[in-house]
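Since the structure comes first, as structure tokens, the remarks are kept for the end.
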Amino acid sequence: MTRSLQEIAAFVQARILGDASLQVIGVASIAAASAGDLVFVEDEKNLPPALASKAAAVIVGSFAGVHQTSKPLLIADQPRLAFARAAEFLIPVDSFHPGVHATAVVHANTKLGKNVQVGERVVIHDNVEIGQGSFIAAGCVIGPNVSVGRDCRLYPNVTIYPATRLGDRVTVHAGAVLGSDGFGYVRDKTTGKYHKFPQIGRLEIEDDVEIGANSTVDRGALDTTRIARGTKIDNLVHVGHNVQIGENVVIAAQTGLSGSAVVEDSVIIGGQVGIADHVRIESGAILGAQSGIPSKKIIRGKGVVFWGTPARPIAEYLKELAVLARLTKKKT
Amino acid sequence: MTRSLQEIAAFVQARILGDASLQVIGVASIAAASAGDLVFVEDEKNLPPALASKAAAVIVGSFAGVHQTSKPLLIADQPRLAFARAAEFLIPVDSFHPGVHATAVVHANTKLGKNVQVGERVVIHDNVEIGQGSFIAAGCVIGPNVSVGRDCRLYPNVTIYPATRLGDRVTVHAGAVLGSDGFGYVRDKTTGKYHKFPQIGRLEIEDDVEIGANSTVDRGALDTTRIARGTKIDNLVHVGHNVQIGENVVIAAQTGLSGSAVVEDSVIIGGQVGIADHVRIESGAILGAQSGIPSKKIIRGKGVVFWGTPARPIAEYLKELAVLARLTKKKT
Amino acid sequence: MTRSLQEIAAFVQARILGDASLQVIGVASIAAASAGDLVFVEDEKNLPPALASKAAAVIVGSFAGVHQTSKPLLIADQPRLAFARAAEFLIPVDSFHPGVHATAVVHANTKLGKNVQVGERVVIHDNVEIGQGSFIAAGCVIGPNVSVGRDCRLYPNVTIYPATRLGDRVTVHAGAVLGSDGFGYVRDKTTGKYHKFPQIGRLEIEDDVEIGANSTVDRGALDTTRIARGTKIDNLVHVGHNVQIGENVVIAAQTGLSGSAVVEDSVIIGGQVGIADHVRIESGAILGAQSGIPSKKIIRGKGVVFWGTPARPIAEYLKELAVLARLTKKKT
């Protein structure tokens, strides 16, 4: 899609220095930019290569206002954000063909909104609702009584268990499993055998959530697992039953959240973090990669980074490592 | 399904206090219970809210015998277990329609038992046997020479490699992969290239095993990978080639077992645990979340909890952490 | 397939002691060998049981030259390698039926090479190229503009996102996802909401790469994620956007590589290792299981094993553990 700098600047709320009528067709890294691309610069030292690149124009912080350039600049408070939003504006969602493919199997009482696309070999069970503009890619299997909101994207081979609810603009990457049974058993003390604790609750995912490839999110045992709006989850993440995740939380790859853990709003969780059952991570805390939070623990501290297993404030953890290294040298 | 307290008490071996003819239709948490639901109480302090809830009746430990209540009670030695078994009794397995869906592809020489359900778009290759009452959900792919026992449930998009064998009442959640090639290569010292070591063994899974969503279990290299009866495996778990897992083992999410590891009966393994090759975890040991067991190590101790990497008895590990914290404070 | 010892010895470059005309049909472990099987011995103490087994012949190191045996021996410099190569020679790739299955959906402008097999319910989107002799198993979904080389094997239910490129002889195990969106967002400081950073780059996988079941490899954000020739990746591994992996790298199960990490040639990475963003692992380094490499760190040392989080040379790490254990005993 071709857009003028003027249109882009209006959309991303930037100020133009240079020819506002210039047409732009895409975004790129500085190294790969070709004519017609927008690039961005957050760090002043990257401005000269950006200006020397083939890019049509540069999104840049206010520090650039003083430079004399032949290339048009879009001056933005948050240049990386402006670049991301310009990309949303410029790059069309990939090929979209409303309609139900002939090889899809759609069972009874399904309600499809306007302009829904149901891809090849999709299976949709009874009483499913799919909101306007949503795209269900090839090979997805959607269980009975599921509800999917508007403008969602389910990539290929996603499985959704019965009665799961997705809000609007939810994106689910390939192979993810939503609403599977939680891991709950009761051991019979006399026989030593495990009996399944009922896993009959639900999963609710709110608006604007994104879930990575091959991640798994279990439904509640008796109640509901919930992921609130705006939260972003990477690949191969595990979310256990009854977990409650707040708004605008970010969870990197291969992290696991055990049953009934609570993660409040705006928490940032690194990769391969382990969160045990009934843990509470309070609003705004940051968990470093591979850290581990033991059962029932509360982590508190807006903007504080925690690290290690058991996780402690990173300053403490680094001091411990330094002390240990010193002692080790002494003993040698 | 509606059942009388009398029928439920007989099934779960509980004693009734109150109206045995009362009809019950489901199970629920205390908070969510509505009329007709059973709830349970393990901890005496939860009895008052249970009695105040809308639930029809309460499964409870013998401590409750002295209470005067208007709500019927089911007194059980293991109330959580009785609740789990009551749920088995009350809640029908989800929608089941025996027969082979028209969109399934079933190759030659397949033997399907009575009342088998083969879902939409399932692919079953040559010489597969599926026992009576089993359900293969949409999108599963079952390789040649696989055998699946009775009353198994394979959720959507499961892949089973050739010659894998599942016992009876095995449950496999969506996206799991059973019988894939193990990770074995031989490096040619002269060229530096890796050649694949043959991965031509088998995978055998015994009765009553449950395997979580998107978990992967490799077949043996030359011999057999085996998971014994009653073992429960959570989501995103990796089981390497030639691994031997005993009976009634519990393995939480994202744990990995490397090639030729042996896990004996009744071991409990937390989430994100790493077990290296040729490790042996002896019967009844407990591995805390994120712990790591180095190559060839033997872990011994019924009921002993191990933690850390390399894993050591938890008392030792906690003492080390305390000493380190103390030293760190001193040095500051 | 039946082959004479003569043919095998020529293929694997071994020297025959005994009857070169003997026919062999398979490979096996010493314990499971039956008549017609080849076995191998690396460690001299395993030679007697190998000779006592039912195997037809034994591949063995040069130490065996002095033994008097009735069983033919194949003397090789690298007996395990010779065994692996003998298996390649003896064991046919599993059932292969060139052609496009009637239930596959193949969109426009697809170029299929000679003897390609497209399995049941495969979906191939527009402008895909698949090289001669490649096998796309049941349930795979291949996005538009993807190119797959010669003699590749994609196991069931693999998803490939648009514009991904695979070289020749690439093997991808069931459920793997290639080319998914990277995990990149920009937080709007004023609203607290995350906006998706464009994830529009590509994924390139070179010749002879193998990728394990349910692993996920993200495409570049603006540029390209690349896995170089001969690299082997186990199950449930996560490779983030813009990662560059060199040749003949080995990565064990459940390891994660964050965005823009660089792994040079011949690195060996254990299971559950966490590699943060912009890390560089230099050629020939070895990362022990569960180790963690913090952001932007460089790991250097051919043949040096690193362990722990943050990873340090293993000798150092073990010394630290020893000092800590000693101190703990003292204080008790």
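Each chain of the structure tokens is named A, B, ... in the order shown, its residues numbered from 1; ligands are numbered from 1 in display order.
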
When the cut-off is 7 Å and we count only C-alpha atoms, which residues of chain C are near chain A, given as a PyMOL selection string?
-> chain C and resi 141+159+175+177+180+183+186+188+193-198+214+216+222-223+319-320+323

Would you list the contacts of Gly149 (chain C) as a ChimeraX atom specification, taking every protein, DNA or RNA residue within 9 Å and counting only C-alpha atoms, but skipping same-chain residues closer than 5 positions in sequence?
-> /C:129-134,165-170,207

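Here the residues within region 72-295 of chain A that DSSP labels helix (DSSP H, G or I) on the basis of the backbone are Pro79, Arg80, Leu81, Ala82, Phe83, Ala84, Arg85, Ala86, Ala87, Glu88, Phe89 and Leu90 of chain A.
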
Of the candidates B:Ile59, B:Arg280, B:Lys54, B:Asn46, which shows the shortest atom-to-atom distance to Leu5 (chain B), using only C-alpha atoms?
-> B:Ile59

Hey, what's within 8 Å of Lys302 (chain C) if we count only C-alpha atoms and toss same-chain stuff fewer than 6 positions away? As a PyMOL selection string, please?
-> chain C and resi 282-286

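Residue-level DSSP output for region 252-295 of chain A, from the backbone, shows strand (DSSP E or B) at Gly256, Leu257, Val262, Val263, Ile268, Ile269, Gly274, Ile275, Arg280, Ile281, Ile286, Leu287, Gly292 and Ile293 of chain A.
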
Would you kindly return, as a list in words, each protein, DNA or RNA residue with an atom no farther than 7 Å from any atom of His125 (chain C), considering only C-alpha atoms and excluding same-chain residues fewer than 6 positions away?
->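 Counting only C-alpha atoms, the residues come to Val106, His107, Ile142, Gly143 and Pro144 of chain C.
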
Could you work out how far CA of Glu264 (chain B) lies from CA of Leu287 (chain B), giving the answer in Å with one decimal?
->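 Taking CA of Leu287 (chain B) as the start and CA of Glu264 (chain B) as the end point, the length is 12.6 Å.
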
Just how far from CA of Asp265 (chain A) is CA of Ala228 (chain A), in Å to one decimal?
->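 That distance, rounded to one decimal, is 8.5 Å.
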
Name the residues in contact with Ser260 (chain B) at a cut-off of 6 Å, using only C-alpha atoms, excluding same-chain residues fewer than 6 positions from it; report them as a PyMOL selection string.
-> chain B and resi 242-243+277-278
